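Participant: So that you have it, the file is my_file_18.tsv, and it contains TSV, N, CA and C atoms:
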```
chain	number	residue	atom	x	y	z
A	57	MET	N	111.07	129.15	163.41
A	57	MET	CA	110.56	129.64	162.15
A	57	MET	C	109.95	128.48	161.36
A	58	ARG	N	108.83	128.71	160.73
A	58	ARG	CA	108.14	127.69	159.95
A	58	ARG	C	108.73	127.62	158.53
A	59	ALA	N	108.86	126.40	158.01
A	59	ALA	CA	109.45	126.18	156.68
A	59	ALA	C	108.65	126.89	155.59
A	60	SER	N	109.39	127.47	154.65
A	60	SER	CA	108.79	128.16	153.51
A	60	SER	C	108.75	127.29	152.27
A	61	PHE	N	109.61	126.27	152.23
A	61	PHE	CA	109.67	125.38	151.08
A	61	PHE	C	110.38	124.09	151.48
A	62	VAL	N	110.27	123.09	150.62
A	62	VAL	CA	110.98	121.82	150.78
A	62	VAL	C	112.20	121.88	149.87
A	63	VAL	N	113.34	121.46	150.38
A	63	VAL	CA	114.56	121.47	149.57
A	63	VAL	C	115.09	120.04	149.42
A	64	ASP	N	115.36	119.63	148.18
A	64	ASP	CA	115.89	118.28	147.96
A	64	ASP	C	117.42	118.33	147.87
A	65	SER	N	118.02	117.16	147.78
A	65	SER	CA	119.48	117.09	147.78
A	65	SER	C	120.08	117.66	146.50
A	66	SER	N	119.40	117.56	145.37
A	66	SER	CA	119.96	118.11	144.13
A	66	SER	C	120.14	119.62	144.25
A	67	MET	N	119.20	120.28	144.90
A	67	MET	CA	119.33	121.72	145.10
A	67	MET	C	120.48	122.02	146.05
A	68	ALA	N	120.56	121.28	147.14
A	68	ALA	CA	121.63	121.52	148.10
A	68	ALA	C	123.00	121.32	147.47
A	69	MET	N	123.13	120.35	146.60
A	69	MET	CA	124.43	120.10	146.01
A	69	MET	C	124.83	121.20	145.02
A	70	ALA	N	123.86	121.92	144.48
A	70	ALA	CA	124.18	123.08	143.64
A	70	ALA	C	124.80	124.18	144.49
A	71	TRP	N	124.57	124.16	145.79
A	71	TRP	CA	125.19	125.13	146.69
A	71	TRP	C	126.61	124.71	147.05
A	72	CYS	N	126.91	123.46	146.80
A	72	CYS	CA	128.24	122.93	147.10
A	72	CYS	C	129.16	123.02	145.88
A	73	PHE	N	128.64	122.67	144.73
A	73	PHE	CA	129.44	122.60	143.51
A	73	PHE	C	129.13	123.79	142.61
A	74	GLU	N	130.09	124.66	142.46
A	74	GLU	CA	129.88	125.90	141.70
A	74	GLU	C	129.43	125.64	140.26
A	75	ASP	N	129.90	124.54	139.66
A	75	ASP	CA	129.52	124.26	138.27
A	75	ASP	C	128.06	123.83	138.12
A	76	GLU	N	127.38	123.60	139.23
A	76	GLU	CA	125.95	123.25	139.20
A	76	GLU	C	125.07	124.43	139.58
A	77	ALA	N	125.67	125.52	140.00
A	77	ALA	CA	124.92	126.69	140.45
A	77	ALA	C	124.31	127.46	139.27
A	78	THR	N	123.17	128.06	139.54
A	78	THR	CA	122.48	128.92	138.58
A	78	THR	C	122.03	130.16	139.35
A	79	PRO	N	121.58	131.18	138.65
A	79	PRO	CA	121.02	132.33	139.39
A	79	PRO	C	119.89	131.92	140.34
A	80	ALA	N	119.05	130.99	139.92
A	80	ALA	CA	117.94	130.54	140.77
A	80	ALA	C	118.44	129.80	142.01
A	81	THR	N	119.46	128.97	141.86
A	81	THR	CA	119.98	128.24	143.02
A	81	THR	C	120.67	129.21	143.99
A	82	ARG	N	121.31	130.23	143.46
A	82	ARG	CA	121.96	131.23	144.32
A	82	ARG	C	120.92	132.02	145.11
A	83	ARG	N	119.80	132.37	144.46
A	83	ARG	CA	118.72	133.08	145.16
A	83	ARG	C	118.16	132.22	146.30
A	84	LEU	N	117.97	130.93	146.03
A	84	LEU	CA	117.46	130.04	147.07
A	84	LEU	C	118.45	129.90	148.22
A	85	LEU	N	119.72	129.89	147.92
A	85	LEU	CA	120.73	129.84	148.98
A	85	LEU	C	120.62	131.09	149.85
A	86	GLU	N	120.42	132.23	149.23
A	86	GLU	CA	120.22	133.46	150.01
A	86	GLU	C	118.98	133.35	150.89
A	87	GLN	N	117.90	132.75	150.36
A	87	GLN	CA	116.68	132.56	151.15
A	87	GLN	C	116.95	131.68	152.36
A	88	MET	N	117.84	130.70	152.20
A	88	MET	CA	118.15	129.81	153.32
A	88	MET	C	118.74	130.56	154.50
A	89	GLY	N	119.30	131.74	154.24
A	89	GLY	CA	119.84	132.54	155.32
A	89	GLY	C	118.78	133.24	156.15
A	90	ILE	N	117.56	133.35	155.59
A	90	ILE	CA	116.50	134.08	156.30
A	90	ILE	C	115.22	133.29	156.49
A	91	GLU	N	115.11	132.16	155.81
A	91	GLU	CA	113.90	131.33	155.90
A	91	GLU	C	114.27	129.90	156.27
A	92	ALA	N	113.32	129.20	156.83
A	92	ALA	CA	113.50	127.78	157.13
A	92	ALA	C	113.03	126.94	155.94
A	93	ALA	N	113.59	125.75	155.84
A	93	ALA	CA	113.18	124.80	154.80
A	93	ALA	C	112.89	123.45	155.46
A	94	ALA	N	112.03	122.69	154.83
A	94	ALA	CA	111.71	121.33	155.31
A	94	ALA	C	112.49	120.32	154.48
A	95	VAL	N	112.98	119.29	155.16
A	95	VAL	CA	113.68	118.19	154.50
A	95	VAL	C	113.27	116.88	155.16
A	96	PRO	N	113.24	115.80	154.38
A	96	PRO	CA	113.04	114.50	155.02
A	96	PRO	C	114.31	114.10	155.76
A	97	ALA	N	114.17	113.29	156.78
A	97	ALA	CA	115.33	112.89	157.58
A	97	ALA	C	116.42	112.26	156.71
A	98	TRP	N	116.04	111.61	155.65
A	98	TRP	CA	116.98	110.94	154.74
A	98	TRP	C	117.90	111.94	154.05
A	99	TRP	N	117.52	113.23	153.99
A	99	TRP	CA	118.26	114.27	153.28
A	99	TRP	C	119.73	114.28	153.68
A	100	TYR	N	120.00	114.18	154.97
A	100	TYR	CA	121.38	114.22	155.45
A	100	TYR	C	122.21	113.05	154.90
A	101	LEU	N	121.58	111.88	154.79
A	101	LEU	CA	122.30	110.71	154.25
A	101	LEU	C	122.56	110.88	152.76
A	102	GLU	N	121.62	111.46	152.03
A	102	GLU	CA	121.84	111.72	150.61
A	102	GLU	C	123.00	112.70	150.41
A	103	ILE	N	123.00	113.76	151.20
A	103	ILE	CA	124.07	114.76	151.11
A	103	ILE	C	125.42	114.10	151.42
A	104	THR	N	125.45	113.31	152.48
A	104	THR	CA	126.69	112.63	152.87
A	104	THR	C	127.18	111.73	151.77
A	105	ASN	N	126.28	111.00	151.13
A	105	ASN	CA	126.68	110.09	150.06
A	105	ASN	C	127.29	110.85	148.88
A	106	VAL	N	126.66	111.94	148.49
A	106	VAL	CA	127.20	112.74	147.37
A	106	VAL	C	128.58	113.28	147.74
A	107	LEU	N	128.72	113.78	148.96
A	107	LEU	CA	130.01	114.33	149.38
A	107	LEU	C	131.12	113.28	149.38
A	108	VAL	N	130.84	112.11	149.93
A	108	VAL	CA	131.88	111.08	150.00
A	108	VAL	C	132.25	110.59	148.60
A	109	LEU	N	131.27	110.44	147.72
A	109	LEU	CA	131.58	110.01	146.35
A	109	LEU	C	132.36	111.08	145.60
A	110	ALA	N	131.98	112.33	145.78
A	110	ALA	CA	132.69	113.43	145.12
A	110	ALA	C	134.13	113.53	145.63
A	111	GLN	N	134.32	113.29	146.91
A	111	GLN	CA	135.67	113.34	147.46
A	111	GLN	C	136.51	112.19	146.92
A	112	ARG	N	135.92	111.00	146.84
A	112	ARG	CA	136.65	109.85	146.28
A	112	ARG	C	137.09	110.11	144.84
A	113	LYS	N	136.23	110.80	144.09
A	113	LYS	CA	136.53	111.09	142.68
A	113	LYS	C	137.38	112.35	142.52
A	114	LYS	N	137.81	112.92	143.64
A	114	LYS	CA	138.64	114.12	143.66
A	114	LYS	C	137.93	115.34	143.08
A	115	ARG	N	136.62	115.35	143.16
A	115	ARG	CA	135.85	116.51	142.69
A	115	ARG	C	135.80	117.60	143.77
A	116	ILE	N	136.01	117.18	145.02
A	116	ILE	CA	135.92	118.10	146.14
A	116	ILE	C	136.96	117.72	147.18
A	117	SER	N	137.54	118.72	147.80
A	117	SER	CA	138.56	118.47	148.82
A	117	SER	C	137.91	118.30	150.20
A	118	PRO	N	138.62	117.66	151.12
A	118	PRO	CA	138.09	117.55	152.48
A	118	PRO	C	137.80	118.93	153.10
A	119	ALA	N	138.61	119.92	152.78
A	119	ALA	CA	138.36	121.27	153.30
A	119	ALA	C	137.05	121.84	152.76
A	120	LYS	N	136.79	121.61	151.50
A	120	LYS	CA	135.53	122.09	150.90
A	120	LYS	C	134.34	121.33	151.49
A	121	VAL	N	134.50	120.05	151.76
A	121	VAL	CA	133.44	119.27	152.41
A	121	VAL	C	133.14	119.88	153.77
A	122	ALA	N	134.17	120.16	154.54
A	122	ALA	CA	133.98	120.76	155.87
A	122	ALA	C	133.28	122.12	155.76
A	123	GLN	N	133.67	122.89	154.78
A	123	GLN	CA	133.05	124.20	154.57
A	123	GLN	C	131.57	124.05	154.23
A	124	PHE	N	131.25	123.10	153.37
A	124	PHE	CA	129.85	122.88	152.99
A	124	PHE	C	129.03	122.36	154.17
A	125	ILE	N	129.60	121.47	154.96
A	125	ILE	CA	128.89	120.96	156.14
A	125	ILE	C	128.59	122.11	157.10
A	126	ALA	N	129.53	123.01	157.28
A	126	ALA	CA	129.30	124.17	158.14
A	126	ALA	C	128.15	125.01	157.60
A	127	LEU	N	128.08	125.16	156.29
A	127	LEU	CA	126.98	125.90	155.67
A	127	LEU	C	125.65	125.20	155.96
A	128	VAL	N	125.59	123.91	155.72
A	128	VAL	CA	124.36	123.14	155.96
A	128	VAL	C	123.94	123.24	157.43
A	129	GLU	N	124.90	123.16	158.32
A	129	GLU	CA	124.58	123.23	159.75
A	129	GLU	C	124.09	124.61	160.17
A	130	SER	N	124.32	125.61	159.34
A	130	SER	CA	123.84	126.97	159.65
A	130	SER	C	122.38	127.16	159.22
A	131	PHE	N	121.86	126.24	158.41
A	131	PHE	CA	120.49	126.37	157.92
A	131	PHE	C	119.47	126.09	159.03
A	132	ASP	N	118.33	126.73	158.91
A	132	ASP	CA	117.19	126.43	159.78
A	132	ASP	C	116.36	125.38	159.04
A	133	LEU	N	116.53	124.12	159.41
A	133	LEU	CA	115.86	123.01	158.73
A	133	LEU	C	114.85	122.34	159.65
A	134	GLU	N	113.66	122.10	159.11
A	134	GLU	CA	112.67	121.29	159.80
A	134	GLU	C	112.80	119.88	159.25
A	135	VAL	N	113.23	118.97	160.08
A	135	VAL	CA	113.46	117.59	159.63
A	135	VAL	C	112.19	116.78	159.86
A	136	ASP	N	111.70	116.20	158.77
A	136	ASP	CA	110.48	115.39	158.81
A	136	ASP	C	110.89	113.92	158.80
A	137	ASP	N	110.39	113.16	159.77
A	137	ASP	CA	110.77	111.74	159.87
A	137	ASP	C	109.61	110.79	159.58
A	138	GLN	N	108.61	111.25	158.86
A	138	GLN	CA	107.44	110.43	158.60
A	138	GLN	C	107.57	109.47	157.41
A	139	ALA	N	108.60	109.61	156.60
A	139	ALA	CA	108.71	108.79	155.38
A	139	ALA	C	108.62	107.28	155.64
A	140	PRO	N	109.33	106.73	156.64
A	140	PRO	CA	109.23	105.29	156.82
A	140	PRO	C	107.80	104.79	157.05
A	141	SER	N	107.04	105.53	157.83
A	141	SER	CA	105.67	105.08	158.11
A	141	SER	C	104.73	105.33	156.93
A	142	ARG	N	105.18	106.11	155.96
A	142	ARG	CA	104.36	106.43	154.79
A	142	ARG	C	104.83	105.66	153.55
A	143	ALA	N	105.85	104.84	153.69
A	143	ALA	CA	106.47	104.18	152.54
A	143	ALA	C	105.50	103.40	151.66
A	144	PHE	N	104.74	102.51	152.26
A	144	PHE	CA	103.88	101.64	151.44
A	144	PHE	C	102.58	102.32	151.04
A	145	GLY	N	101.98	103.06	151.94
A	145	GLY	CA	100.68	103.64	151.67
A	145	GLY	C	100.69	104.93	150.88
A	146	HIS	N	101.80	105.67	150.92
A	146	HIS	CA	101.84	106.98	150.26
A	146	HIS	C	102.98	107.09	149.24
A	147	LEU	N	104.18	106.69	149.64
A	147	LEU	CA	105.32	106.84	148.74
A	147	LEU	C	105.25	105.88	147.55
A	148	LEU	N	104.91	104.63	147.81
A	148	LEU	CA	104.82	103.65	146.72
A	148	LEU	C	103.83	104.10	145.64
A	149	PRO	N	102.63	104.57	145.99
A	149	PRO	CA	101.73	105.07	144.94
A	149	PRO	C	102.31	106.27	144.18
A	150	LEU	N	103.02	107.16	144.87
A	150	LEU	CA	103.65	108.28	144.17
A	150	LEU	C	104.74	107.78	143.22
A	151	CYS	N	105.50	106.80	143.66
A	151	CYS	CA	106.54	106.21	142.80
A	151	CYS	C	105.91	105.64	141.53
A	152	ARG	N	104.84	104.89	141.71
A	152	ARG	CA	104.18	104.25	140.58
A	152	ARG	C	103.57	105.26	139.62
A	153	SER	N	102.83	106.22	140.16
A	153	SER	CA	102.09	107.13	139.29
A	153	SER	C	102.99	108.17	138.61
A	154	HIS	N	104.16	108.46	139.18
A	154	HIS	CA	105.03	109.48	138.59
A	154	HIS	C	106.40	108.94	138.19
A	155	GLU	N	106.57	107.62	138.27
A	155	GLU	CA	107.83	106.96	137.90
A	155	GLU	C	109.02	107.58	138.64
A	156	LEU	N	108.87	107.73	139.96
A	156	LEU	CA	109.90	108.30	140.81
A	156	LEU	C	110.60	107.22	141.62
A	157	THR	N	111.79	107.52	142.08
A	157	THR	CA	112.43	106.67	143.08
A	157	THR	C	111.73	106.93	144.41
A	158	SER	N	111.90	106.06	145.35
A	158	SER	CA	111.31	106.28	146.67
A	158	SER	C	111.92	107.51	147.33
A	159	TYR	N	113.18	107.77	147.05
A	159	TYR	CA	113.84	108.94	147.63
A	159	TYR	C	113.20	110.23	147.11
A	160	ASP	N	112.95	110.29	145.81
A	160	ASP	CA	112.31	111.48	145.24
A	160	ASP	C	110.86	111.59	145.70
A	161	ALA	N	110.19	110.47	145.83
A	161	ALA	CA	108.81	110.48	146.31
A	161	ALA	C	108.71	111.06	147.73
A	162	MET	N	109.76	110.89	148.54
A	162	MET	CA	109.76	111.47	149.89
A	162	MET	C	109.63	112.99	149.82
A	163	TYR	N	110.34	113.61	148.91
A	163	TYR	CA	110.28	115.07	148.77
A	163	TYR	C	108.91	115.51	148.27
A	164	LEU	N	108.38	114.79	147.31
A	164	LEU	CA	107.07	115.13	146.78
A	164	LEU	C	106.00	114.97	147.85
A	165	ASP	N	106.05	113.88	148.58
A	165	ASP	CA	105.09	113.64	149.66
A	165	ASP	C	105.17	114.73	150.72
A	166	LEU	N	106.37	115.13	151.08
A	166	LEU	CA	106.56	116.17	152.08
A	166	LEU	C	105.98	117.50	151.59
A	167	ALA	N	106.25	117.84	150.35
A	167	ALA	CA	105.70	119.08	149.78
A	167	ALA	C	104.17	119.03	149.73
A	168	LEU	N	103.62	117.89	149.38
A	168	LEU	CA	102.15	117.73	149.34
A	168	LEU	C	101.54	117.87	150.73
A	169	ARG	N	102.13	117.17	151.70
A	169	ARG	CA	101.58	117.23	153.06
A	169	ARG	C	101.65	118.62	153.65
A	170	ARG	N	102.74	119.31	153.40
A	170	ARG	CA	102.93	120.65	153.97
A	170	ARG	C	102.39	121.76	153.07
A	171	GLN	N	101.99	121.38	151.85
A	171	GLN	CA	101.54	122.37	150.86
A	171	GLN	C	102.58	123.48	150.69
A	172	LEU	N	103.82	123.04	150.43
A	172	LEU	CA	104.94	123.95	150.26
A	172	LEU	C	105.53	123.80	148.86
A	173	PRO	N	106.13	124.86	148.34
A	173	PRO	CA	106.88	124.72	147.09
A	173	PRO	C	108.04	123.76	147.28
A	174	LEU	N	108.51	123.19	146.18
A	174	LEU	CA	109.61	122.23	146.20
A	174	LEU	C	110.79	122.80	145.43
A	175	ALA	N	111.94	122.90	146.08
A	175	ALA	CA	113.18	123.36	145.45
A	175	ALA	C	113.97	122.14	145.01
A	176	SER	N	114.08	121.96	143.69
A	176	SER	CA	114.75	120.78	143.14
A	176	SER	C	115.30	121.09	141.76
A	177	LEU	N	116.36	120.40	141.40
A	177	LEU	CA	116.90	120.48	140.04
A	177	LEU	C	116.62	119.19	139.26
A	178	ASP	N	116.04	118.21	139.93
A	178	ASP	CA	115.75	116.91	139.33
A	178	ASP	C	114.54	117.03	138.40
A	179	ASP	N	114.75	116.77	137.11
A	179	ASP	CA	113.69	116.96	136.12
A	179	ASP	C	112.46	116.09	136.37
A	180	ASP	N	112.66	114.83	136.72
A	180	ASP	CA	111.52	113.94	136.96
A	180	ASP	C	110.72	114.39	138.18
A	181	LEU	N	111.42	114.77	139.23
A	181	LEU	CA	110.75	115.23	140.44
A	181	LEU	C	110.04	116.55	140.19
A	182	ARG	N	110.65	117.44	139.46
A	182	ARG	CA	110.02	118.72	139.11
A	182	ARG	C	108.74	118.49	138.31
A	183	ALA	N	108.79	117.58	137.35
A	183	ALA	CA	107.60	117.28	136.53
A	183	ALA	C	106.49	116.68	137.38
A	184	ALA	N	106.84	115.77	138.28
A	184	ALA	CA	105.84	115.16	139.15
A	184	ALA	C	105.20	116.20	140.06
A	185	ALA	N	106.02	117.09	140.61
A	185	ALA	CA	105.49	118.14	141.48
A	185	ALA	C	104.51	119.04	140.72
A	186	LYS	N	104.90	119.43	139.54
A	186	LYS	CA	104.01	120.27	138.72
A	186	LYS	C	102.71	119.53	138.41
A	187	ALA	N	102.81	118.24	138.16
A	187	ALA	CA	101.62	117.44	137.81
A	187	ALA	C	100.61	117.38	138.96
A	188	VAL	N	101.08	117.48	140.19
A	188	VAL	CA	100.17	117.42	141.34
A	188	VAL	C	99.90	118.81	141.92
A	189	GLY	N	100.32	119.85	141.21
A	189	GLY	CA	99.99	121.22	141.62
A	189	GLY	C	100.94	121.84	142.63
A	190	ILE	N	102.13	121.30	142.78
A	190	ILE	CA	103.12	121.87	143.70
A	190	ILE	C	104.01	122.83	142.92
A	191	ARG	N	104.17	124.03	143.44
A	191	ARG	CA	105.05	125.02	142.82
A	191	ARG	C	106.49	124.55	142.93
A	192	VAL	N	107.26	124.71	141.87
A	192	VAL	CA	108.63	124.25	141.83
A	192	VAL	C	109.58	125.45	141.79
A	193	LEU	N	110.63	125.37	142.60
A	193	LEU	CA	111.64	126.42	142.66
A	193	LEU	C	112.96	125.89	142.11
A	194	GLY	N	113.75	126.78	141.55
A	194	GLY	CA	115.06	126.39	141.07
A	194	GLY	C	115.14	126.34	139.57
A	195	LYS	N	116.26	125.89	139.08
A	195	LYS	CA	116.65	125.70	137.68
A	195	LYS	C	117.34	126.87	137.13
```
As structure tokens, what does this structure read like?
Facilitator:
Amino acid sequence: MRASFVVDSSMAMAWCFEDEATPATRRLLEQMGIEAAAVPAWWYLEITNVLVLAQRKKRISPAKVAQFIALVESFDLEVDDQAPSRAFGHLLPLCRSHELTSYDAMYLDLALRRQLPLASLDDDLRAAAKAVGIRVLGK
């Protein structure tokens, strides 16, 4: 199945932590059951980092981490590994022009290349996507 949108880690974490969920994030989670999404390869490392930090802070139990990982593994994800080769020529200019981190620029670059909507809760990334004509999902 071909990806319908790009999903960033902030959106995925709203599927993990109930206090971050909104009606829009719940609808997108339902879409994940029937549609594919595109993610940069780095996405898994971002998710892992949030989970390990949340567990250290006792925000999430190991059982809940395992449950969330099972959910993520059930998704139909298209993993894009082009970010490293695009770092200097494409991501750096996006970082500069939209005041983004390189991690957020990866999502914007992926959405631009694929001409897909971007599912994100990150305000800076959402603003940058809108500025370049990318439809934004979530909130």
Participant: Determine the nearest neighbour of Arg191 of chain A from the options A:Ala68, A:Ile90, A:Ala161, A:Leu172, counting all atoms listed in the file.
Facilitator: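 Comparing A:Ala68, A:Ile90, A:Ala161, A:Leu172 against Arg191 of chain A, the winner is A:Leu172.
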Participant: I need the residues in chain A that are strand (DSSP E) according to DSSP; give them as a list in words.
Facilitator: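 These are the residues in question: Ala59, Ser60, Phe61, Val62, Val63, Ala92, Ala93, Ala94, Val95, Pro96, Leu133, Glu134, Val135, Asp136, Leu174, Ala175, Val192 and Leu193 of chain A.
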Participant: Using only C-alpha atoms, can you tell me which of A:Val63, A:Glu155, A:Leu107, A:Asp178 comes closest to Ile125 of chain A?
Facilitator: A:Leu107
Participant: Find the residue from A:Leu174, A:Leu133, A:Ala143, A:Leu148 that sits nearest to Ala97 of chain A; use only C-alpha atoms when measuring.
Facilitator: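 Ranked by minimum distance to Ala97 of chain A, first place goes to A:Leu133.
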Participant: Could you state the separation of atom C of Ser66 of chain A and atom C of Leu177 of chain A in Å, given to one decimal place?
Facilitator: 6.1 Å
Participant: So which residues touch Ala93 of chain A within 6 Å, counting only N, CA and C atoms, skipping near sequence neighbours fewer than 4 positions away, as a short mmCIF file (atom, residue, chain, number, x, y, z; two decimals) with N, CA and C atoms, in the frame of the given file?
Facilitator:
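File selection_18.cif, as written:
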```cif
data_model
loop_
_atom_site.label_atom_id
_atom_site.label_comp_id
_atom_site.auth_asym_id
_atom_site.auth_seq_id
_atom_site.Cartn_x
_atom_site.Cartn_y
_atom_site.Cartn_z
N ARG A 58 108.83 128.71 160.73
CA ARG A 58 108.14 127.69 159.95
C ARG A 58 108.73 127.62 158.53
N ALA A 59 108.86 126.40 158.01
CA ALA A 59 109.45 126.18 156.68
C ALA A 59 108.65 126.89 155.59
N SER A 60 109.39 127.47 154.65
CA SER A 60 108.79 128.16 153.51
C SER A 60 108.75 127.29 152.27
N PHE A 61 109.61 126.27 152.23
CA PHE A 61 109.67 125.38 151.08
C PHE A 61 110.38 124.09 151.48
N VAL A 62 110.27 123.09 150.62
CA VAL A 62 110.98 121.82 150.78
C VAL A 62 112.20 121.88 149.87
N VAL A 63 113.34 121.46 150.38
CA VAL A 63 114.56 121.47 149.57
C VAL A 63 115.09 120.04 149.42
N ASP A 132 118.33 126.73 158.91
CA ASP A 132 117.19 126.43 159.78
C ASP A 132 116.36 125.38 159.04
N LEU A 133 116.53 124.12 159.41
CA LEU A 133 115.86 123.01 158.73
C LEU A 133 114.85 122.34 159.65
N GLU A 134 113.66 122.10 159.11
CA GLU A 134 112.67 121.29 159.80
C GLU A 134 112.80 119.88 159.25
#
```
Participant: Please run DSSP on the backbone and report, as a PyMOL selection string, all residues within segment 138-172 of chain A that come out as helix (DSSP H, G or I).
Facilitator: chain A and resi 139-154+158-170
Participant: Could you please determine the separation between atom CA of Gly194 of chain A and atom CA of Gln111 of chain A in Å, to one decimal place?
Facilitator: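 Spanning atom CA of Gly194 of chain A to atom CA of Gln111 of chain A is a straight-line distance of 25.2 Å.
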Participant: Mind pulling up the distance from atom CA of Trp71 of chain A to atom C of Ala122 of chain A?
Facilitator: 12.5 Å
